[in-house]
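Everything below concerns the one structure shown next.
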Amino acid sequence: MASVQRLQQCLQDLSEQRVAPLDFLPDGNLAERVISLLLDGIPDDTPPAIAALFTDLIRQVSKSATTELNVVVFGGGTGLSNIVGGDSRRREWAQSPFEGLKEIFPRCHSIVCITDDGGSTGELLKDLPLIALGDLRHVLLSSIQLRGLKNRFDLDTTGAEKLAAALHAVFNYRFITCPDGVKQLLLDTSANLEDIPDKLLQFLQTLTKSLFIDKRLTPTLNRPQCLGNLLLAAAIYRQLDPSLGCTELAASYQVMRTATIRGLADICLSLGMHSHAVLPCTTTNAQLQVLYTNGVQVTGEHKSSYCRRNYPVDRVFVEFYRKPFVQPEVMGLIAEADILLFAPGSLYTSIIPIMQAPGIADAIRENLQAMKLLVTNIWVQKGETDVARDAPDRKFHVSDLISAYHRNIPGGVNKLFSHILSLDLADIPGSVLQRYALEDKAPIYLDRKRVRTLGFKTIAVPVFSREQLKHRRVIQHDPESLARSVQALYSLWSAGLLATETAKDNLQETEVSPRVLQRGHLLPCLRYEAIVSHCRYLSAEQISLSSRFDQKLTGKERNWLMARVIEIIWNHPDILIEHLQNVRGVCMVEPTCWKRCQQWDNVFSFYDPQDQRIKIRQDQARDLNRFEMAFLVALGQSLLGNYAKKKNIAEVTRAGGVIGRIYSLTVQEPERLESFFDHSALKSYLELARMRSSEEKEGLYTRLINADEGFTPPGLLFGLFYAWYLDNRFAPNIEYKMSIMKNVMSDLIPEQVRIVDRRRKLINFFREHVFQDQ
């Protein structure tokens with residue numbers, strides 16, 4: 001209390017003089033000036049008397065008690081780990097591992113997003129019914145503290161630094177081929193194992209050994225992996241009954257969530273941290289879904305990061321595989337927190353998924369004594385913040401960030417945070433910003449006035465790493481500067497000197513509730529098992545001039561083909577296992593044997609309902625992207641199955657000349673139909689494909705085509721649209737057709753309105769009926 005009063009008196013002395021000493025500091029509000037003084041020091045031309053006051057202020061803020069403060073930080077991998085203790089994936093981290101929030105606030109806790117499904121985390125999900133471990137591992141390594149290592153292992157500072165460097169090598173080591181054994185695997189990390197205390201080394205060896213002897217874990221060694229992720233998995237599996245396999249564990253969700261928390265606690269304690277230093281936001285398996293403004297919905301965090309839809313993100317949903325559960329430990333930490341921080345990171349794949357875990361957002365609101373702070377991103381991120389939803393013609397602003405949070409968090413942003421900490425771009429050299437612009441990277445603009453009207457106080461300060469700027473010409477958050485800024489803000493907060501804003505413009509309320517999967521999506525490891533099981537029985541064939549009959553592929557050729565097919569299906573979580581029901585094999589056709597008519601297209605794949613094979617021209621396999629497109633187009637066509645009993649095209653003539661053609665299609669009788677759809681759904685699709693149903697003959701559909709008009713038959717259109725929906729890099733002709741939806745509609749041209757309406761309905765059909773999304 002005395003320190004708070006001393007700080008209040010110090011600031012009063014700086015403000016009451018005729019020429020306020022604070023005026024010697026750069027322009028800005030009180031918080032910005034105090035932080036500037038802390039980070040940049042006293043200006044050179046400051047008079048001695050005023051410099052003494054500044055020195056006293058710096059001393060009061062720097063010595064403010066922080067060791068007993070409870071800090072809870074929310075976020076994903078890189079952004080969260082960076083502000084907690086530096087980005088531990090970077091090679092340079094081992095040179096200065098003890099900085100950031102964890103050193104100023106020893107009781108710092110991280111609540112981590114668990115929807116990551118890419119990289120080695122995705123590989124792990126193929127085999128184990130776990131939540132995503134990659135971000136947890138990343139943040140956990142960043143969270144090791146100097147005092148914790150010293151106390152736990154009786155080390156001096158040099159010994160703790162060496163230990164941190166060894167752990168950095170072990171936890172970040174990646175391999176692509178199966179290791180030779182426990183000893184060799186640890187040696188391959190290049191860690192100096194002698195720097196690891198015996199007790200900790202024995203623990204790591206025990207975990208590593210279990211990877212080789214636990215039959216549930218050994219399959220993971222045959223995939224590209226990060227050793228740190230595997231060590232976390234091994235720590236969790238130590239808590240489980242060895243007789244329980246993947247299927248049993250997937251069903252035993254209470255057992256899994258207990259094992260997950262205990263396994264993480266073991267790792268934390270072994271590294272000298274408190275047991276709940278790093279926690280998942282939920283122990284319930286979940287996946288991310290991103291809905292774009294054109295109606296397309298993409299499943300999977302990793303996939304959303306590389307699918308460039310060229311449309312703003314409308315909404316983000318977390319789909320839980322069962323009723324979501326948030327650990328009591330998480331709720332308790334939030335309730336007791338003195339500081340609640342939202343870390344920078346990917347807008348839609350970092351904070352929002354955490355806030356959609358039931359109860360977390362409300363628990364933050366109910367904590368009325370904590371300082372609540374949002375740290376904004378510095379740069380626009382492709383696919384997420386490159387286009388503003390409400391103003392697609394301009395770059396992303398901080399107010400757009402707030403609006404996106406409000407739209408996608410249950411209850412909106414009300415009482416989640418009151419202050420917004422962002423980078424002051426005025427301190428960045430213009431040449432650096434220009435270089436970023438040439439790389440098509442732009443900063444997120446702080447629109448102070450708009451943010452203030454929404455009720456949030458802005459604090460723009462130089463929290464970037466000057467070292468990174470000097471040596472790598474890179475602008476990113478500096479852990480030490482940000483931690484000291486938070487310390488200064490809390491000092492002002494405690495003294496009642498951190499001003500707040502009153503909202504003058506309320507954001508529109510939206511309803512967000514957690515989704516529990518009701519459709520055909522399986523837990524990732526079970527889905528992968530189902531994909532592999534189905535592909536195991538697919539035939540793999542080749543048609544060539546040298547053989548009179550279809551030649552079965554065996555050995556390496558079959559293995560390559562099936563491995564590629566499995567990987568394509570796995571990489572698109574929206575593909576349901578039921579989408580494979582009409583496929584009995586994949587046939588590669590030599591170009592000289594390719595007989596399919598290319599009158600309407602240059603797509604070199606199709607589904608043959610006669611033998612239920614996907615047939616792909618062999619030269620498409622030379623490029624993996626072209627092969628993926630060819631496979632997806634044909635897989636899409638297979639959903640229609642044998643829907644077409646008869647197809648015909650006839651010329652329309654007048655006055656001796658051809659003026660057009662009529663394409664006719666007769667749908668298969670219900671009792672003979674083998675399709676993903678029933679007759680009602682087929683009718684809906686065919687009408688959206690501009691096929692007119694006959695009033696006289698049931699099941700007959702026709703389309704009139706002008707003489708010089710191009711035409712995409714409904715089967716091919718379905719395949720192309722299926723591939724485009726999954727990834728718009730495929731089927732660029734569909735992307736071109738759908739681009740009309742970006743135009744501003746005018747009732748002056750009714751046909752344009754009808755076209756846009758029809759295409760939006762076609763997207764809705766695929767979202768709701770093909771991929772069965774809510």
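By convention in this document, the chains of the structure tokens carry letters A, B, ... by their order, each chain's residues are numbered from 1, and ligands are numbered from 1 in the order they are shown.
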
Would you kindly return, as a CSV table (one decimal) with C-alpha atoms, in the first residue's frame, each protein, DNA or RNA residue with an atom no farther than 12 Å from any atom of Phe604 in chain A, considering only C-alpha atoms and excluding same-chain residues fewer than 5 positions away?
```
chain,number,residue,atom,x,y,z
A,588,MET,CA,-4.3,-44.6,-63.6
A,589,VAL,CA,-4.7,-44.4,-67.4
A,590,GLU,CA,-1.8,-43.8,-69.7
A,591,PRO,CA,-2.4,-40.7,-71.9
A,594,TRP,CA,-7.3,-41.9,-72.5
A,595,LYS,CA,-10.6,-42.1,-74.3
A,596,ARG,CA,-12.8,-39.7,-72.3
A,597,CYS,CA,-14.4,-37.0,-74.4
A,598,GLN,CA,-12.9,-33.6,-73.6
A,599,GLN,CA,-15.5,-31.6,-75.5
A,614,ILE,CA,-11.9,-43.1,-60.0
A,615,LYS,CA,-9.9,-42.8,-63.3
A,616,ILE,CA,-7.1,-40.4,-63.6
A,617,ARG,CA,-4.8,-39.7,-66.5
A,618,GLN,CA,-1.4,-40.9,-65.4
A,619,ASP,CA,0.5,-37.7,-66.3
A,620,GLN,CA,-1.5,-35.9,-63.6
A,621,ALA,CA,0.5,-37.7,-61.0
A,626,ARG,CA,-2.7,-31.5,-60.1
A,627,PHE,CA,-3.2,-35.1,-58.8
A,628,GLU,CA,-5.0,-33.8,-55.8
A,629,MET,CA,-7.3,-31.7,-57.9
A,630,ALA,CA,-8.0,-34.6,-60.3
A,631,PHE,CA,-8.7,-36.9,-57.4
A,632,LEU,CA,-11.1,-34.5,-55.7
A,633,VAL,CA,-13.0,-33.7,-58.8
A,634,ALA,CA,-13.6,-37.5,-59.4
A,716,LEU,CA,-18.6,-32.5,-64.0
A,719,GLY,CA,-17.0,-32.6,-59.2
A,720,LEU,CA,-15.5,-29.2,-59.9
```

Would you mind listing, for every residue of range 108-185 of chain A within 10 Å of range 331-344 of chain A, the two atoms forming the shortest contact and the distance between them in Å to one decimal, using only C-alpha atoms, sorted by chain and ascending residue number, as a Markdown table?
```
| residue | atom | partner | partner_atom | distance |
| --- | --- | --- | --- | --- |
| A:Cys108 | CA | A:Ile339 | CA | 9.4 |
| A:His109 | CA | A:Leu333 | CA | 7.9 |
| A:Ser110 | CA | A:Leu341 | CA | 9.5 |
| A:Ile111 | CA | A:Leu333 | CA | 9.5 |
```

query = Residues at most 8 Å from Phe317 in chain A, counting only C-alpha atoms, excluding those fewer than 3 positions away in the same chain, as a list of chain:residue names?
reply =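 Surrounding residues, per the criterion: A:Leu288, A:Gln289, A:Val290, A:Leu291, A:Pro353, A:Gln356, A:Asn408, A:Pro514, A:Arg515.
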
(Q) Which residues are close to Val756 in chain A, i.e. within 9 Å by only C-alpha atoms, leaving aside same-chain residues fewer than 3 positions away? Reply as a PyMOL selection string. (A) chain A and resi 738+740-741+745+751-753+759-761

**Item:** For Arg152 in chain A: contacts at 9 Å, only C-alpha atoms, fewer than 6 positions along chain excluded, given as a list in words
**Value:** Leu269, Ser270, Leu271, Gly272 and Met273 of chain A

- Query: Near range 203-210 of chain A, counting only C-alpha atoms, which residues have an atom at most 7 Å away, once you skip same-chain residues fewer than 5 positions from it, shown as a PyMOL selection string?
  - Reply: chain A and resi 182+231+234-235

Filtering to N, CA and C atoms, could you give me those residues as a PDB file, in the first residue's frame?
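Result written to again11.pdb:
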```
ATOM      1  N   VAL A 182      16.319 -45.275 -27.821  1.00  0.00           N
ATOM      2  CA  VAL A 182      16.231 -44.198 -26.836  1.00  0.00           C
ATOM      3  C   VAL A 182      17.525 -43.396 -26.780  1.00  0.00           C
ATOM      4  N   LEU A 231       7.083 -36.315 -25.975  1.00  0.00           N
ATOM      5  CA  LEU A 231       7.322 -36.387 -24.537  1.00  0.00           C
ATOM      6  C   LEU A 231       6.067 -36.016 -23.751  1.00  0.00           C
ATOM      7  N   ALA A 234       3.778 -38.992 -24.018  1.00  0.00           N
ATOM      8  CA  ALA A 234       4.241 -40.080 -23.153  1.00  0.00           C
ATOM      9  C   ALA A 234       3.901 -39.799 -21.688  1.00  0.00           C
ATOM     10  N   ALA A 235       4.029 -38.531 -21.270  1.00  0.00           N
ATOM     11  CA  ALA A 235       3.697 -38.169 -19.888  1.00  0.00           C
ATOM     12  C   ALA A 235       2.213 -38.402 -19.614  1.00  0.00           C
TER      13      ALA A 235
END
```
